[in-house]
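Peer 1: Below: one structure in structure tokens.
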Amino acid sequence: MSEITFSDVLISPRYSEVYSRSKVDISSNMGAFTLELPVISANMRNITGAKMTYAQYQHGALGILHRFNSTKEAIEEFQDAMDYIIHGKLMLDYKPTTYSPELKYKVGVSIGVHETDKERFEKLYEYGARIFCIDVAHGHHILVKNMLTWIRTNHSDKKDIVLIGGNVATAEGALDIHSWGADIIKVGIGPGAVCQTRQNTGVGVPQLQALQEIREAAVAKNIDLKIIADGGVKTTGDIAKALKYANALMIGSLFAGTSETPGDVFEDQNGQFYKVYGGSASAENKLSSGKENKFVEGMMKTVPFRGHVKYILRRIKENVQSAFSYVGAFNLTEFQQNAEFRYISGGGRSESKL
């Protein structure tokens, strides 16, 4: 099969003994924690804040907070997220807290790869964070290696840390990041709806192809690699396709414009309501983070106001359960074994409304 992405294939139906999709378990083992719904809201300024992490938690998914703020602001937002999960409201108490084991892995945080991010890591850990996403555009890089190595070397006593490394799009990159100390690999260079990396630089790998190559390389080396597919998802069918190789999906655009995303709701000249959604490397996000407007690889755009995210999460769950049932799979392991892709032509894409 040639280089592929989501719109190039369909999942071929197979004999099934699944009587009802409600009997299908789509949970995913991520190592230190399990996602009942294998979805992670993107660590983007306009996607995941405290309210979004709470909505994800309520549906068995995960929210990861972004890194485009100060350490103090990151601590406050993390505490806000934990307040929602524990109390259902904000408590405005920013004292260091040790959370019970069942709550440690309910909210993720993001750090970069510079010296200041070492203090950010230590402060966030002190305040209870345990899932850390080392978040850069090009994860197969010496700065990522240095940060992972620093954390694992200087905090070897902290056995409860989960490190997510990325982003990568090649098997070599994924396996290297894993060897440097990442527990989970984030895959995707340029497939996101508001990412312009591929247009501006010509760099990237079709997302489904990247996932396939990384999974197959890990299996060949007998490595139980945990993979987050980040970007490129336009439909819930794309989520099912990605789960052939991935353990979970990081989603931004499908959640954009919902009530739980940070930011205000505006009204346009036609009386339609909308919110603003933008890539982490957009000029607006760079400037609002105190950075220079250079090497911009993202954009901002408006999206219609879409109401509460719970309806989208429910639809994702039900449609993915249906996809599993179409190939006779009662769980993710069976789905990954049973699902087979069928390459489709331009006519097939048109017929499939892809």
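Within each chain, counting starts at residue 1; across the structure tokens, chains are named A, B, ... in the order shown, with ligands numbered 1 upward in that order.
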Wanna dump the stretch 139-243 of chain A-stretch 31-51 of chain A contacts at 8 Å for me, each residue with its shortest atom pair and the distance in Å to one decimal, counting only C-alpha atoms, ordered by chain and number, as CSV?
Peer 2:
```
residue,atom,partner,partner_atom,distance
A:Asp160,CA,A:Ala32,CA,8.0
A:Val162,CA,A:Ala32,CA,7.2
A:Asp183,CA,A:Gly31,CA,7.8
A:Lys226,CA,A:Gly31,CA,7.5
```
Peer 1: Output C-alpha atoms of each residue in that selection to a file, as an mmCIF file, in the first residue's frame.
Peer 2:
```cif
data_model
loop_
_atom_site.group_PDB
_atom_site.id
_atom_site.type_symbol
_atom_site.label_atom_id
_atom_site.label_comp_id
_atom_site.auth_asym_id
_atom_site.auth_seq_id
_atom_site.Cartn_x
_atom_site.Cartn_y
_atom_site.Cartn_z
ATOM 1 C CA ASP A 160 4.737 7.942 39.424
ATOM 2 C CA VAL A 162 4.294 9.720 33.167
ATOM 3 C CA ASP A 183 6.349 6.476 28.386
ATOM 4 C CA LYS A 226 1.909 3.602 23.774
#
```
Peer 1: Using only C-alpha atoms, which protein or nucleic acid residues come within 8 Å of A:Asp25? Drop anything in the same chain fewer than 4 positions from it, and give the result as a PyMOL selection string.
Peer 2: chain A and resi 321+330-332
Peer 1: Calculate how many Å separate atom CA of A:Ala74 from atom CA of A:Gly188, rounding to one decimal.
Peer 2: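 One can read the atom CA of A:Ala74 to atom CA of A:Gly188 distance as 24.6 Å.
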Peer 1: Give me the residues near A:Trp180 as a ChimeraX atom specification, where near means some atom within 12 Å (using only C-alpha atoms) and where sequence neighbours in that chain fewer than 3 positions away do not count.
Peer 2: /A:139-153,163-166,173-177,183-185
Peer 1: Write the residues of the preceding selection, restricted to C-alpha atoms, as an mmCIF file, in the first residue's frame.
Peer 2:
```
data_model
loop_
_atom_site.group_PDB
_atom_site.id
_atom_site.type_symbol
_atom_site.label_atom_id
_atom_site.label_comp_id
_atom_site.auth_asym_id
_atom_site.auth_seq_id
_atom_site.Cartn_x
_atom_site.Cartn_y
_atom_site.Cartn_z
ATOM 1 C CA GLY A 139 10.202 15.900 19.022
ATOM 2 C CA HIS A 140 13.074 13.982 17.410
ATOM 3 C CA HIS A 141 15.499 16.621 18.623
ATOM 4 C CA ILE A 142 18.418 16.933 21.014
ATOM 5 C CA LEU A 143 16.540 19.382 23.257
ATOM 6 C CA VAL A 144 13.805 16.803 23.818
ATOM 7 C CA LYS A 145 16.456 14.171 24.495
ATOM 8 C CA ASN A 146 18.110 16.464 27.010
ATOM 9 C CA MET A 147 14.863 17.232 28.830
ATOM 10 C CA LEU A 148 13.756 13.602 29.035
ATOM 11 C CA THR A 149 17.211 12.581 30.227
ATOM 12 C CA TRP A 150 17.280 15.367 32.828
ATOM 13 C CA ILE A 151 13.906 14.344 34.262
ATOM 14 C CA ARG A 152 14.730 10.639 34.387
ATOM 15 C CA THR A 153 18.201 11.254 35.847
ATOM 16 C CA LEU A 163 6.186 11.411 30.329
ATOM 17 C CA ILE A 164 4.625 12.023 26.922
ATOM 18 C CA GLY A 165 7.157 12.903 24.216
ATOM 19 C CA GLY A 166 6.613 14.283 20.753
ATOM 20 C CA GLY A 173 11.907 9.190 16.024
ATOM 21 C CA ALA A 174 9.352 7.273 18.078
ATOM 22 C CA LEU A 175 11.787 4.564 19.135
ATOM 23 C CA ASP A 176 14.460 7.120 20.016
ATOM 24 C CA ILE A 177 12.093 9.153 22.192
ATOM 25 C CA ASP A 183 6.349 6.476 28.386
ATOM 26 C CA ILE A 184 4.001 7.595 25.610
ATOM 27 C CA ILE A 185 4.794 8.889 22.121
#
```
Peer 1: Considering only C-alpha atoms, can you say which of A:Phe6, A:Phe305, A:Phe324, A:Tyr84 comes closest to A:Leu254?
Peer 2: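 Checking each candidate against A:Leu254, we get A:Phe305 as the closest.
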Peer 1: Mind checking DSSP for stretch 35-250 of chain A and telling me the strand (DSSP E) residues as number ranges by chain?
Peer 2: A: 35, 39-41, 62-64, 107-111, 131-135, 162-168, 184-187, 226-230, 248-250
Peer 1: Taking only C-alpha atoms into account, which of A:Gln209, A:Asn29, A:Thr71, A:Gln79 comes nearest A:Lys123?
Peer 2: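 With only C-alpha atoms as the atom set, the closest residue is A:Thr71.
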Peer 1: Under the rule that only C-alpha atoms are counted, which of A:Ser7, A:Ser28, A:Thr53, A:Thr197 is the nearest residue to A:Gly348?
Peer 2: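 The closest residue to A:Gly348 is A:Ser7.
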